[in-house]
Amino acid sequence: MQATATVLVYSDDANTREQVRLAAGRRPAPDVPVVEFVECATPAAVLKELDRGGIDVCVLDGEAVPMGGMGLCRQIKDEVFNSPPVLLLIGRPQDAWLATWSRAEGAVTHPVDPVEFASALASLLRQKRALSA
């Protein structure tokens with residue numbers, strides 16, 4: 001197993017990015033690597049980090065401004081070769097269909113529930129590891 005996994009967190013709100021970091025902790029599950037975070041507050045910063053490579057999972061805030069995570073997710077899936085899996089933070093459970101439209105691999109509601117979030121993130125990290133093997 002790799003030593004660490006890199007998780008990109010996109011939100012224009014520093015409090016949301018902090019909630020994500022705290023909910024995931026250092027290791028969201030015993031069978032996944034320790035997590036390191038890359039924080040981005042703008043869509044341009046997200047695309048720059050993805051161009052650099054090394055991102056294992058993206059967590060995108062669906063309510064971010066000026067570009068929401070759903071639109072950014074769709075752009076990533078269209079424009080980034082071998083894009084990492086995406087976990088969307090959505091405002092309400094009824095928005096899950098929008099997450100599907102954006103081609104995100106997972107969605108959890110905001111405010112972040114630590115147990116639900118850690119479970120969803122660990123699942124995407126496991127999928128990423130399985131695809132890389």
# chains A, B, ... in the order shown; residues from 1 in each chain; ligands from 1
>>> select_by_dssp(residues="chain A", states="helix (DSSP H, G or I)", output="VMD selection string")
chain A and resid 14 to 24 43 to 52 69 to 79 93 to 101 114 to 132
>>> residues_around(residues="Ala23 in chain A", least_positions_apart="3", cutoff="10 Å", atoms="only C-alpha atoms", output="number ranges by chain")
A: 17-20, 26-28, 112-119, 121
>>> closest_residue(among="A:Ala104, A:Ala122, A:Ala96, A:Val35", to="Gly71 in chain A", atoms="only C-alpha atoms")
A:Ala104
>>> residues_around(residues="Val34 in chain A", least_positions_apart="6", cutoff="10 Å", atoms="only C-alpha atoms", output="tab-separated table (two decimals) with all heavy atoms, in the first residue's frame")
chain	number	residue	atom	x	y	z
A	2	GLN	N	0.49	2.25	-0.76
A	2	GLN	CA	1.26	3.48	-0.80
A	2	GLN	C	1.23	4.15	0.57
A	2	GLN	O	0.31	3.96	1.36
A	2	GLN	CB	0.73	4.42	-1.88
A	2	GLN	CG	-0.66	4.97	-1.61
A	2	GLN	CD	-1.25	5.72	-2.79
A	2	GLN	OE1	-1.16	5.24	-3.90
A	2	GLN	NE2	-1.82	6.88	-2.55
A	3	ALA	N	2.25	4.96	0.84
A	3	ALA	CA	2.40	5.59	2.15
A	3	ALA	C	1.35	6.67	2.40
A	3	ALA	O	0.85	6.80	3.51
A	3	ALA	CB	3.79	6.17	2.29
A	4	THR	N	1.04	7.45	1.37
A	4	THR	CA	0.06	8.52	1.53
A	4	THR	C	-0.84	8.61	0.31
A	4	THR	O	-0.49	8.15	-0.77
A	4	THR	CB	0.75	9.90	1.72
A	4	THR	OG1	1.52	10.20	0.56
A	4	THR	CG2	1.63	9.93	2.95
A	5	ALA	N	-1.98	9.24	0.50
A	5	ALA	CA	-2.91	9.56	-0.59
A	5	ALA	C	-3.10	11.07	-0.57
A	5	ALA	O	-3.19	11.67	0.51
A	5	ALA	CB	-4.23	8.85	-0.40
A	6	THR	N	-3.15	11.68	-1.73
A	6	THR	CA	-3.32	13.13	-1.82
A	6	THR	C	-4.75	13.44	-2.20
A	6	THR	O	-5.25	12.96	-3.22
A	6	THR	CB	-2.34	13.72	-2.85
A	6	THR	OG1	-1.01	13.35	-2.48
A	6	THR	CG2	-2.45	15.24	-2.87
A	24	ALA	N	-12.13	13.89	7.68
A	24	ALA	CA	-11.32	12.79	7.16
A	24	ALA	C	-10.28	12.33	8.17
A	24	ALA	O	-9.96	11.15	8.25
A	24	ALA	CB	-10.64	13.22	5.86
A	25	GLY	N	-9.77	13.27	8.93
A	25	GLY	CA	-8.68	12.93	9.84
A	25	GLY	C	-7.42	12.57	9.08
A	25	GLY	O	-7.31	12.82	7.89
A	26	ARG	N	-6.47	11.97	9.75
A	26	ARG	CA	-5.23	11.57	9.08
A	26	ARG	C	-5.43	10.33	8.21
A	26	ARG	O	-4.75	10.14	7.22
A	26	ARG	CB	-4.14	11.29	10.12
A	26	ARG	CG	-3.67	12.49	10.85
A	26	ARG	CD	-2.67	13.33	10.08
A	26	ARG	NE	-1.46	12.59	9.80
A	26	ARG	CZ	-0.79	12.68	8.66
A	26	ARG	NH1	-1.19	13.48	7.71
A	26	ARG	NH2	0.29	11.96	8.45
A	27	ARG	N	-6.35	9.46	8.61
A	27	ARG	CA	-6.61	8.23	7.86
A	27	ARG	C	-8.10	7.92	8.00
A	27	ARG	O	-8.55	7.57	9.08
A	27	ARG	CB	-5.76	7.10	8.41
A	27	ARG	CG	-6.03	5.77	7.75
A	27	ARG	CD	-5.10	4.70	8.25
A	27	ARG	NE	-3.98	4.62	7.33
A	27	ARG	CZ	-2.81	4.09	7.64
A	27	ARG	NH1	-2.58	3.62	8.82
A	27	ARG	NH2	-1.86	4.04	6.73
A	28	PRO	N	-8.88	8.06	6.92
A	28	PRO	CA	-10.33	7.88	7.02
A	28	PRO	C	-10.78	6.44	7.34
A	28	PRO	O	-11.90	6.25	7.80
A	28	PRO	CB	-10.86	8.34	5.67
A	28	PRO	CG	-9.69	8.44	4.77
A	28	PRO	CD	-8.46	8.51	5.60
>>> closest_residue(among="A:Asp61, A:Asp31, A:Glu105, A:Asp51", to="Tyr10 in chain A", atoms="only C-alpha atoms")
A:Asp61
>>> closest_residue(among="A:Pro33, A:Thr109, A:Trp97, A:Ser11", to="Ala45 in chain A", atoms="only C-alpha atoms")
A:Ser11
>>> closest_residue(among="A:Glu36, A:Asp95, A:Glu63, A:Glu79", to="Leu50 in chain A", atoms="only C-alpha atoms")
A:Glu79
>>> residues_around(residues="Lys77 in chain A", least_positions_apart="2", cutoff="12 Å", atoms="only C-alpha atoms", output="list in words")
Leu47, Leu50, Cys58, Gly69, Met70, Gly71, Leu72, Cys73, Arg74, Gln75, Glu79, Val80, Phe81, Asn82, Ser83, Pro84, Pro85, Val86, Trp101, Ser102, Arg103, Ala104 and Glu105 of chain A
>>> write_last_selection(atoms="N, CA and C atoms", output="mmCIF file, in the first residue's frame")
data_model
loop_
_atom_site.group_PDB
_atom_site.id
_atom_site.type_symbol
_atom_site.label_atom_id
_atom_site.label_comp_id
_atom_site.auth_asym_id
_atom_site.auth_seq_id
_atom_site.Cartn_x
_atom_site.Cartn_y
_atom_site.Cartn_z
ATOM 1 N N LEU A 47 -7.467 23.210 -11.391
ATOM 2 C CA LEU A 47 -6.975 22.724 -12.683
ATOM 3 C C LEU A 47 -5.448 22.695 -12.718
ATOM 4 N N LEU A 50 -4.343 19.636 -10.764
ATOM 5 C CA LEU A 50 -4.606 18.417 -11.527
ATOM 6 C C LEU A 50 -3.612 18.251 -12.667
ATOM 7 N N CYS A 58 -10.549 14.030 -5.505
ATOM 8 C CA CYS A 58 -10.951 15.435 -5.368
ATOM 9 C C CYS A 58 -12.223 15.507 -4.534
ATOM 10 N N GLY A 69 -18.914 23.178 -7.416
ATOM 11 C CA GLY A 69 -18.197 21.930 -7.590
ATOM 12 C C GLY A 69 -18.789 21.020 -8.644
ATOM 13 N N MET A 70 -20.101 21.105 -8.862
ATOM 14 C CA MET A 70 -20.725 20.235 -9.865
ATOM 15 C C MET A 70 -20.281 20.607 -11.275
ATOM 16 N N GLY A 71 -20.299 21.885 -11.570
ATOM 17 C CA GLY A 71 -19.831 22.339 -12.878
ATOM 18 C C GLY A 71 -18.347 22.074 -13.065
ATOM 19 N N LEU A 72 -17.578 22.288 -12.007
ATOM 20 C CA LEU A 72 -16.139 22.034 -12.064
ATOM 21 C C LEU A 72 -15.867 20.540 -12.246
ATOM 22 N N CYS A 73 -16.642 19.707 -11.583
ATOM 23 C CA CYS A 73 -16.490 18.260 -11.734
ATOM 24 C C CYS A 73 -16.717 17.850 -13.187
ATOM 25 N N ARG A 74 -17.776 18.352 -13.766
ATOM 26 C CA ARG A 74 -18.078 18.012 -15.164
ATOM 27 C C ARG A 74 -16.942 18.471 -16.083
ATOM 28 N N GLN A 75 -16.407 19.661 -15.824
ATOM 29 C CA GLN A 75 -15.290 20.165 -16.621
ATOM 30 C C GLN A 75 -14.070 19.261 -16.462
ATOM 31 N N GLU A 79 -12.168 17.330 -19.420
ATOM 32 C CA GLU A 79 -10.906 17.910 -19.871
ATOM 33 C C GLU A 79 -9.643 17.287 -19.298
ATOM 34 N N VAL A 80 -9.727 16.563 -18.202
ATOM 35 C CA VAL A 80 -8.526 16.031 -17.560
ATOM 36 C C VAL A 80 -8.420 14.534 -17.848
ATOM 37 N N PHE A 81 -7.351 14.148 -18.515
ATOM 38 C CA PHE A 81 -7.131 12.739 -18.842
ATOM 39 C C PHE A 81 -6.912 11.946 -17.561
ATOM 40 N N ASN A 82 -7.583 10.799 -17.449
ATOM 41 C CA ASN A 82 -7.490 9.955 -16.253
ATOM 42 C C ASN A 82 -7.749 10.756 -14.982
ATOM 43 N N SER A 83 -8.813 11.510 -14.993
ATOM 44 C CA SER A 83 -9.132 12.354 -13.833
ATOM 45 C C SER A 83 -9.373 11.494 -12.596
ATOM 46 N N PRO A 84 -9.004 12.032 -11.433
ATOM 47 C CA PRO A 84 -9.228 11.272 -10.194
ATOM 48 C C PRO A 84 -10.720 11.217 -9.863
ATOM 49 N N PRO A 85 -11.108 10.271 -9.009
ATOM 50 C CA PRO A 85 -12.501 10.240 -8.575
ATOM 51 C C PRO A 85 -12.856 11.503 -7.810
ATOM 52 N N VAL A 86 -14.135 11.870 -7.877
ATOM 53 C CA VAL A 86 -14.612 13.104 -7.246
ATOM 54 C C VAL A 86 -15.695 12.782 -6.229
ATOM 55 N N TRP A 101 -25.259 13.919 -12.736
ATOM 56 C CA TRP A 101 -25.088 14.685 -13.979
ATOM 57 C C TRP A 101 -23.640 15.139 -14.124
ATOM 58 N N SER A 102 -23.024 15.525 -13.030
ATOM 59 C CA SER A 102 -21.657 16.041 -13.088
ATOM 60 C C SER A 102 -20.617 14.935 -13.234
ATOM 61 N N ARG A 103 -21.062 13.680 -13.132
ATOM 62 C CA ARG A 103 -20.214 12.484 -13.260
ATOM 63 C C ARG A 103 -19.297 12.274 -12.055
ATOM 64 N N ALA A 104 -19.732 12.773 -10.908
ATOM 65 C CA ALA A 104 -18.989 12.522 -9.670
ATOM 66 C C ALA A 104 -19.179 11.074 -9.250
ATOM 67 N N GLU A 105 -18.152 10.513 -8.647
ATOM 68 C CA GLU A 105 -18.230 9.125 -8.187
ATOM 69 C C GLU A 105 -18.925 8.998 -6.839
#
>>> atom_distance(atom1="CA of Ala64 in chain A", atom2="CA of Leu89 in chain A")
9.6 Å
>>> atom_distance(atom1="CA of Asp13 in chain A", atom2="CA of Gln94 in chain A")
22.4 Å
>>> select_by_dssp(residues="chain A", states="strand (DSSP E)", output="list in words")
Thr4, Ala5, Thr6, Val7, Leu8, Val9, Tyr10, Val34, Val35, Glu36, Phe37, Val38, Glu39, Cys40, Val57, Cys58, Val59, Leu60, Asp61, Val86, Leu87, Leu88, Leu89, Ile90, Gly106, Ala107, Val108 and Thr109 of chain A
